[in-house]
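**Q** Provided herewith is a single structure, encoded as structure tokens, for subsequent inquiry.
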Amino acid sequence: MNRTKVDEEEYWHSSKFKAFTFDDDDDELSQLKESKRAVNSLRDIVDDDDDDLERVSWSGEPVGSISWSIKETASSGGPTLEGREQLKARNSLSSYTPLPKPTSSYSLSSFFKALSDIPPKSFAPELRRPKGEYKDYSSDWSLSDTVRRLQKGKVCSLERFRSLQDKLQLLEEAVSIHDGNVITAVLIFLKRTLSKEILFRELEVRQVALRHLIHFLKEIGDQKMLLDLFRYLDRTEELALSQYQEHLSIQDPEKRKEFLKSCIGLPFSVEDVAHIQDHYTLLERQIIIEVNDRHLESSGQTEIFRKHPRKASILNMPLVTTLFYSCFYHYTEPEGTFSSPINLKKTFKIPDKQYVLTALAARAKLRAWQDVDALFTTKNWLGYTKKRAPIGFHRVVEILHKNNAPVQVLQEYIRLVEDVDTKLNLATKFKCHDVVIETYRDLKDRQQLVAYRDKVDKASAEEEKIDSILSNLVSNLDLSFYQPWEINCLQRIYWGYSQD
């Protein structure tokens with residue numbers, strides 16, 4: 001059937017979207033209008049050729065040519081009581097959603113029958129998004145606008161950039177603003193939409209984007225694409241290093257050892273090849289030590305494993321940790337065994353300072369003070385023994401104190417500190433009174449002795465020692481060079497203090 005001019009204008013000027021408003025009455029009015037438009041859209045339910053059904057009002061009153069269908073339904077016997085109840089219930093609904101087309105066109109009663117098959121919840125009004133949100137999905141953004149929206153963190157689809165030229169221009173625009181997040185977002189899009197060959201070829205002449213892609217692939221752990229990229233760029237050392245890093249994902253020790261062995265032949269630099277070889281040798285020894293120590297610990301026949309059970313496996317541990325483990329559990333073993341600390345030192349060329357630090361920490365933790373003493377005792381070619389510490393005795397004292405060494409042991413090594421100020425600071429810090437008193441005595445510093453006397457306990461051995469030193473300082477003076485009044489003054493100063 002033909003539409004009137006008013007209906008045509010109302011149809012084309014209508015919209016299912018509306019602006020947001022805080023007015024509840026205005027919202028109800030808009031819902032009423034939407035309901036009216038839903039009724040007017042009944043033309044979609046029937047075939048286009050059927051002019052008998054097009055629009056219907058909620059009250060069932062005829063609107064336009066639809067009145068013929070209503071009259072026809074009434075003349076066919078009228079609705080039953082049940083039909084009137086259903087019609088009344090459906091008239092109370094606020095809005096309708098489009099319904100599927102029936103296979104054939106019937107009267108209005110058949111339409112209401114079709115409505116009964118749809119659950120009421122499907123008629124709930126749909127919440128609409130703000131108008132501004134639809135702009136995020138617009139396909140009309142320019143390159144600069146797209147990049148700027150990405151920089152602000154807004155939703156922006158890149159799928160409309162389909163040609164290679166558009167994609168490369170988008171990448172260059174992202175690089176020009178110097179924003180790593182935007183560059184990475186564009187690279188992810190290119191990685192998904194371009195083949196590897198084209199992507200690698202274009203990035204080879206764009207070093208900034210290339211560096212971002214390499215970093216991104218390392219972060220997500222895409223080793224396969226990273227290896228392909230390095231292979232394409234002919235970066236042999238980076239290719240070898242990236243392949244070597246794959247050992248981190250291998251959990252089985254034997255398989256990791258075999259993988260490291262295969263990495264020795266990769267095109268590393270001479271220095272890196274030596275490191276790979278040491279890594280392989282270290283893991284090989286750790287496997288041997290682990291098997292042996294696990295057996296000793298389970299048997300319970302070794303005292304060190306009974307007193308100090310192992311807290312973790314030695315497998316895949318660093319070299320310094322392996323050396324500490326060896327100094328802790330296998331310190332006295334001969335050099336010929338794989339678990340000997342001396343063997344590890346020579347095999348991996350561990351410096352003396354590193355070896356002494358590690359061995360000292362291990363033996364001090366076990367409170368093996370004799371081993372600590374032997375660690376610093378050396379003999380010269382004449383057979384004389386001497387204490388020597390490549391790390392300095394001040395560090396030895398600090399390590400011993402961390403491991404709760406007794407005062408007697410601390411004093412022994414504080415006395416070996418050469419610098420006087422350092423010696424006094426350490427002795428004062430760790431309350432080694434004898435060392436402080438002896439140092440002031442050697443310096444013949446009577447004022448410091450008098451001041452330090454106030455810091456020790458009354459009637460203690462340290463106070464008596466200070467009094468004895470002060471007395472000797474006066475008695476050892478050559479009084480023949482002094483006048484009688486000067487001698488009297490010196491005695492009065494000393495005895496006056498001692499009487500306090």
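In the structure tokens, each chain is lettered A, B, ... as it comes, each chain's residues begin at 1, and ligands are numbered from 1 in order of appearance.
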Counting only C-alpha atoms, what is within 8 Å of Val182 (chain A), bar same-chain residues fewer than 6 positions away, as a list in words?
**A**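 Contacts, with the query itself left out: Val147, Leu150, Gln151 and Ala174 of chain A.
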**Q** Keeping all heavy atoms for every residue in the selection just given, could you write it to a file as a compact mmCIF listing (two decimals), in the first residue's frame?
**A**
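The new file part.txt reads:
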```txt
# COMPACT_ATOMS: atom_id res chain seq x y z
N VAL A 147 46.81 7.82 14.83
CA VAL A 147 47.96 7.71 15.73
C VAL A 147 47.74 8.51 16.99
O VAL A 147 48.09 8.07 18.10
CB VAL A 147 49.25 8.16 14.99
CG1 VAL A 147 50.42 8.26 15.97
CG2 VAL A 147 49.58 7.19 13.87
N LEU A 150 45.47 6.58 19.25
CA LEU A 150 46.21 5.49 19.88
C LEU A 150 47.08 5.99 21.02
O LEU A 150 47.21 5.36 22.06
CB LEU A 150 47.08 4.77 18.84
CG LEU A 150 46.35 3.90 17.82
CD1 LEU A 150 47.34 3.38 16.78
CD2 LEU A 150 45.64 2.74 18.49
N GLN A 151 47.67 7.16 20.83
CA GLN A 151 48.52 7.74 21.87
C GLN A 151 47.71 8.09 23.11
O GLN A 151 48.22 7.99 24.23
CB GLN A 151 49.22 8.98 21.32
CG GLN A 151 50.29 9.54 22.24
CD GLN A 151 51.00 10.73 21.61
OE1 GLN A 151 50.47 11.38 20.71
NE2 GLN A 151 52.19 11.03 22.07
N ALA A 174 53.58 6.71 13.35
CA ALA A 174 53.76 6.31 14.75
C ALA A 174 55.19 6.55 15.22
O ALA A 174 55.42 6.99 16.36
CB ALA A 174 53.40 4.82 14.91
```
**Q** Do you know which residues are at most 8 Å from region 246-260 of chain A counting only C-alpha atoms, after dropping those on the same chain fewer than 6 positions away, and could you put them as number ranges by chain?
**A** A: 223, 276, 279-280, 283-284, 287, 315-316
**Q** Need to verify the contact set: Lys196 (chain A), 10 Å, only C-alpha atoms, exclusion of same-chain residues closer than 4 positions in sequence. Can you return it as a PyMOL selection string?
**A** chain A and resi 190-192+200-202+225+228-229+232
**Q** What would the file look like if the residues just selected were written as a CSV table (one decimal), in the first residue's frame with all heavy atoms?
**A**
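The resulting file, selection-v8.csv, is shown below:
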```csv
chain,number,residue,atom,x,y,z
A,190,LEU,N,50.9,-4.9,12.1
A,190,LEU,CA,51.7,-5.4,10.9
A,190,LEU,C,52.1,-6.8,10.9
A,190,LEU,O,52.1,-7.5,9.9
A,190,LEU,CB,52.9,-4.4,10.7
A,190,LEU,CG,52.6,-3.0,10.5
A,190,LEU,CD1,53.9,-2.2,10.2
A,190,LEU,CD2,51.6,-2.7,9.3
A,191,LYS,N,52.5,-7.2,12.2
A,191,LYS,CA,52.9,-8.6,12.3
A,191,LYS,C,51.8,-9.6,12.0
A,191,LYS,O,52.0,-10.7,11.5
A,191,LYS,CB,53.4,-8.8,13.8
A,191,LYS,CG,53.7,-10.2,14.2
A,191,LYS,CD,54.3,-10.3,15.6
A,191,LYS,CE,54.5,-11.7,16.1
A,191,LYS,NZ,53.3,-12.4,16.3
A,192,ARG,N,50.5,-9.2,12.3
A,192,ARG,CA,49.4,-10.0,12.1
A,192,ARG,C,48.9,-10.0,10.6
A,192,ARG,O,48.3,-11.0,10.1
A,192,ARG,CB,48.3,-9.6,13.0
A,192,ARG,CG,47.0,-10.4,12.9
A,192,ARG,CD,46.1,-10.1,14.1
A,192,ARG,NE,45.8,-8.7,14.2
A,192,ARG,CZ,44.9,-8.0,13.5
A,192,ARG,NH1,44.1,-8.7,12.6
A,192,ARG,NH2,44.7,-6.7,13.7
A,200,PHE,N,59.9,-8.1,7.4
A,200,PHE,CA,61.4,-8.0,7.7
A,200,PHE,C,62.0,-7.1,6.7
A,200,PHE,O,62.9,-6.3,7.0
A,200,PHE,CB,62.0,-9.4,7.6
A,200,PHE,CG,61.5,-10.3,8.7
A,200,PHE,CD1,61.8,-11.7,8.6
A,200,PHE,CD2,60.8,-9.9,9.8
A,200,PHE,CE1,61.4,-12.6,9.6
A,200,PHE,CE2,60.4,-10.7,10.8
A,200,PHE,CZ,60.7,-12.1,10.7
A,201,ARG,N,61.6,-7.2,5.4
A,201,ARG,CA,62.2,-6.3,4.4
A,201,ARG,C,61.9,-4.8,4.7
A,201,ARG,O,62.8,-4.0,4.5
A,201,ARG,CB,61.6,-6.7,3.0
A,201,ARG,CG,62.2,-5.9,1.8
A,201,ARG,CD,61.4,-6.2,0.6
A,201,ARG,NE,60.0,-5.6,0.7
A,201,ARG,CZ,59.0,-6.0,0.0
A,201,ARG,NH1,59.1,-7.0,-0.8
A,201,ARG,NH2,57.8,-5.4,0.2
A,202,GLU,N,60.7,-4.5,5.1
A,202,GLU,CA,60.4,-3.1,5.3
A,202,GLU,C,61.0,-2.6,6.6
A,202,GLU,O,61.4,-1.4,6.7
A,202,GLU,CB,58.9,-2.9,5.4
A,202,GLU,CG,58.2,-3.3,4.1
A,202,GLU,CD,58.6,-2.4,2.9
A,202,GLU,OE1,59.1,-1.3,3.2
A,202,GLU,OE2,58.5,-2.8,1.7
A,225,MET,N,60.1,-16.5,15.7
A,225,MET,CA,60.1,-15.4,14.8
A,225,MET,C,61.3,-14.6,15.0
A,225,MET,O,61.9,-14.0,14.1
A,225,MET,CB,58.8,-14.5,15.1
A,225,MET,CG,58.7,-13.4,14.1
A,225,MET,SD,57.1,-12.6,14.2
A,225,MET,CE,57.2,-11.4,12.9
A,228,ASP,N,64.1,-16.2,13.1
A,228,ASP,CA,63.9,-15.9,11.7
A,228,ASP,C,64.3,-14.5,11.3
A,228,ASP,O,64.9,-14.3,10.2
A,228,ASP,CB,62.4,-16.1,11.3
A,228,ASP,CG,62.0,-17.6,11.4
A,228,ASP,OD1,62.9,-18.5,11.4
A,228,ASP,OD2,60.8,-17.8,11.5
A,229,LEU,N,64.0,-13.6,12.2
A,229,LEU,CA,64.4,-12.2,12.0
A,229,LEU,C,65.9,-12.0,11.9
A,229,LEU,O,66.4,-11.3,11.0
A,229,LEU,CB,63.7,-11.3,13.0
A,229,LEU,CG,64.1,-9.8,13.0
A,229,LEU,CD1,63.7,-9.2,11.6
A,229,LEU,CD2,63.4,-9.0,14.1
A,232,TYR,N,67.3,-13.5,8.8
A,232,TYR,CA,67.1,-12.6,7.6
A,232,TYR,C,68.1,-11.5,7.6
A,232,TYR,O,68.6,-11.1,6.6
A,232,TYR,CB,65.6,-12.1,7.6
A,232,TYR,CG,65.3,-11.2,6.5
A,232,TYR,CD1,64.9,-11.7,5.3
A,232,TYR,CD2,65.4,-9.8,6.7
A,232,TYR,CE1,64.6,-10.9,4.2
A,232,TYR,CE2,65.1,-9.0,5.6
A,232,TYR,CZ,64.7,-9.5,4.4
A,232,TYR,OH,64.4,-8.6,3.4
```
**Q** Would you list the contacts of region 427-443 of chain A as a PyMOL selection string, taking every protein, DNA or RNA residue within 12 Å and counting only C-alpha atoms, but skipping same-chain residues closer than 6 positions in sequence?
**A** chain A and resi 394+397-398+400-402+404-421+449-453+455-457+460-473
**Q** Using only C-alpha atoms, which protein or nucleic acid residues come within 12 Å of Ala185 (chain A)? Drop anything in the same chain fewer than 4 positions from it, and give the result as a count of residues only.
**A** 25
**Q** Near region 383-393 of chain A, counting only C-alpha atoms, which residues have an atom at most 6 Å away, once you skip same-chain residues fewer than 5 positions from it, shown as a PyMOL selection string?
**A** chain A and resi 353+376-378+417
**Q** Just the selected residues (N, CA, C and O atoms), exported as a tab-separated table (two decimals), in the first residue's frame, please.
**A**
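What landed in part08.tsv:
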```tsv
chain	number	residue	atom	x	y	z
A	353	LYS	N	90.50	-13.81	45.31
A	353	LYS	CA	89.60	-13.04	46.17
A	353	LYS	C	88.22	-13.68	46.24
A	353	LYS	O	87.63	-13.79	47.33
A	376	PHE	N	94.03	-18.33	55.84
A	376	PHE	CA	94.84	-17.11	55.73
A	376	PHE	C	96.30	-17.33	56.14
A	376	PHE	O	97.08	-16.38	56.15
A	377	THR	N	96.70	-18.54	56.48
A	377	THR	CA	98.07	-18.83	56.89
A	377	THR	C	98.88	-19.28	55.69
A	377	THR	O	98.51	-20.22	54.98
A	378	THR	N	99.96	-18.59	55.44
A	378	THR	CA	100.84	-18.92	54.32
A	378	THR	C	102.27	-19.11	54.84
A	378	THR	O	102.64	-18.60	55.91
A	417	VAL	N	94.71	-5.87	61.14
A	417	VAL	CA	94.38	-4.73	60.29
A	417	VAL	C	95.50	-3.70	60.42
A	417	VAL	O	95.87	-3.29	61.53
```
**Q** Quote the spacing between CA of Arg367 (chain A) and CA of Leu282 (chain A) in Å to one decimal place.
**A**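 CA of Arg367 (chain A) sits 28.1 Å away from CA of Leu282 (chain A).
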**Q** Got a sec: who's within 10 Å of Ser313 (chain A), counting only C-alpha atoms, leaving out chain neighbours fewer than 2 positions off, as a list in words?
**A**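 The neighbour list is Gln286, Ile287, Ile289, Glu290, Asp293, Arg294, Arg310, Lys311, Leu315, Asn316 and Met317 of chain A.
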**Q** Atoms to include: N, CA, C and O atoms. Write the selected residues as a PDB file, in the first residue's frame.
**A**
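The resulting file, selection38.pdb, is shown below:
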```
ATOM      1  N   GLN A 286      77.684 -30.608  38.083  1.00  0.00           N
ATOM      2  CA  GLN A 286      76.568 -30.528  39.025  1.00  0.00           C
ATOM      3  C   GLN A 286      75.724 -31.791  39.001  1.00  0.00           C
ATOM      4  O   GLN A 286      75.244 -32.241  40.049  1.00  0.00           O
ATOM      5  N   ILE A 287      75.536 -32.373  37.840  1.00  0.00           N
ATOM      6  CA  ILE A 287      74.777 -33.617  37.744  1.00  0.00           C
ATOM      7  C   ILE A 287      75.483 -34.737  38.505  1.00  0.00           C
ATOM      8  O   ILE A 287      74.852 -35.499  39.255  1.00  0.00           O
ATOM      9  N   ILE A 289      77.711 -34.389  41.029  1.00  0.00           N
ATOM     10  CA  ILE A 289      77.685 -34.085  42.469  1.00  0.00           C
ATOM     11  C   ILE A 289      76.301 -34.345  43.047  1.00  0.00           C
ATOM     12  O   ILE A 289      76.167 -34.891  44.156  1.00  0.00           O
ATOM     13  N   GLU A 290      75.261 -33.955  42.316  1.00  0.00           N
ATOM     14  CA  GLU A 290      73.896 -34.123  42.803  1.00  0.00           C
ATOM     15  C   GLU A 290      73.565 -35.598  43.008  1.00  0.00           C
ATOM     16  O   GLU A 290      72.971 -35.976  44.032  1.00  0.00           O
ATOM     17  N   ASP A 293      75.645 -36.855  46.137  1.00  0.00           N
ATOM     18  CA  ASP A 293      75.207 -36.295  47.425  1.00  0.00           C
ATOM     19  C   ASP A 293      73.804 -36.751  47.807  1.00  0.00           C
ATOM     20  O   ASP A 293      73.494 -36.910  48.995  1.00  0.00           O
ATOM     21  N   ARG A 294      72.967 -36.949  46.819  1.00  0.00           N
ATOM     22  CA  ARG A 294      71.633 -37.459  47.116  1.00  0.00           C
ATOM     23  C   ARG A 294      71.710 -38.863  47.731  1.00  0.00           C
ATOM     24  O   ARG A 294      70.963 -39.185  48.662  1.00  0.00           O
ATOM     25  N   ARG A 310      70.530 -30.764  53.215  1.00  0.00           N
ATOM     26  CA  ARG A 310      70.489 -29.863  52.060  1.00  0.00           C
ATOM     27  C   ARG A 310      69.108 -29.228  51.921  1.00  0.00           C
ATOM     28  O   ARG A 310      68.088 -29.886  52.092  1.00  0.00           O
ATOM     29  N   LYS A 311      69.086 -27.940  51.606  1.00  0.00           N
ATOM     30  CA  LYS A 311      67.829 -27.215  51.447  1.00  0.00           C
ATOM     31  C   LYS A 311      67.349 -27.173  50.001  1.00  0.00           C
ATOM     32  O   LYS A 311      66.182 -26.889  49.752  1.00  0.00           O
ATOM     33  N   LEU A 315      71.604 -28.447  41.106  1.00  0.00           N
ATOM     34  CA  LEU A 315      71.470 -28.386  39.652  1.00  0.00           C
ATOM     35  C   LEU A 315      71.070 -26.989  39.198  1.00  0.00           C
ATOM     36  O   LEU A 315      70.238 -26.326  39.824  1.00  0.00           O
ATOM     37  N   ASN A 316      71.710 -26.549  38.106  1.00  0.00           N
ATOM     38  CA  ASN A 316      71.417 -25.268  37.442  1.00  0.00           C
ATOM     39  C   ASN A 316      71.724 -24.063  38.325  1.00  0.00           C
ATOM     40  O   ASN A 316      71.201 -22.963  38.067  1.00  0.00           O
ATOM     41  N   MET A 317      72.557 -24.241  39.352  1.00  0.00           N
ATOM     42  CA  MET A 317      72.954 -23.126  40.199  1.00  0.00           C
ATOM     43  C   MET A 317      74.164 -22.407  39.595  1.00  0.00           C
ATOM     44  O   MET A 317      74.933 -22.994  38.839  1.00  0.00           O
TER      45      MET A 317
END
```
**Q** CA of Pro341 (chain A) to CA of Cys327 (chain A): how many Å, to one decimal?
**A**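 Taking CA of Pro341 (chain A) as the start and CA of Cys327 (chain A) as the end point, the length is 5.8 Å.
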**Q** Would you please give, as a ChimeraX atom specification, all residues of region 181-374 of chain A that DSSP assigns to alpha helix (DSSP H) based on the backbone?
**A** /A:181-193,196-203,207-220,223-233,236-244,253-263,270-299,303-307,319-329,341-347,352-365,369-374
**Q** Between A:Ser269, A:Asn425, A:Gln207, A:Thr358, which is the closest to Val372 (chain A) once you count only C-alpha atoms?
**A**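 Smallest distance to Val372 (chain A) is found for A:Thr358.
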**Q** Name the closest residue to Val270 (chain A) among the candidates A:Lys365, A:Glu197, A:Ser299, A:Glu237; distances are taken between atoms, counting only C-alpha atoms.
**A**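 When distances to Val270 (chain A) are compared using only C-alpha atoms, the smallest one comes from A:Glu237.
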**Q** Among region 344-478 of chain A, which ones does DSSP place in strand (DSSP E), written as a VMD selection string?
**A** chain A and resid 377 to 379 385 to 387
**Q** Include N, CA and C atoms and write out the residues we just selected as a CSV table (one decimal), in the first residue's frame.
**A**
```csv
chain,number,residue,atom,x,y,z
A,377,THR,N,96.7,-18.5,56.5
A,377,THR,CA,98.1,-18.8,56.9
A,377,THR,C,98.9,-19.3,55.7
A,378,THR,N,100.0,-18.6,55.4
A,378,THR,CA,100.8,-18.9,54.3
A,378,THR,C,102.3,-19.1,54.8
A,379,LYS,N,103.1,-19.8,54.1
A,379,LYS,CA,104.5,-20.0,54.4
A,379,LYS,C,105.4,-19.5,53.3
A,385,THR,N,105.7,-18.8,58.8
A,385,THR,CA,104.3,-18.6,58.5
A,385,THR,C,103.9,-17.2,58.7
A,386,LYS,N,102.9,-16.8,58.0
A,386,LYS,CA,102.4,-15.4,58.0
A,386,LYS,C,100.9,-15.4,57.6
A,387,LYS,N,100.2,-14.5,58.2
A,387,LYS,CA,98.8,-14.3,57.9
A,387,LYS,C,98.7,-13.3,56.7
```
**Q** Could you jot down the CA of Glu303 (chain A) to CA of Tyr329 (chain A) separation for me, Å, one decimal place?
**A** 9.9 Å
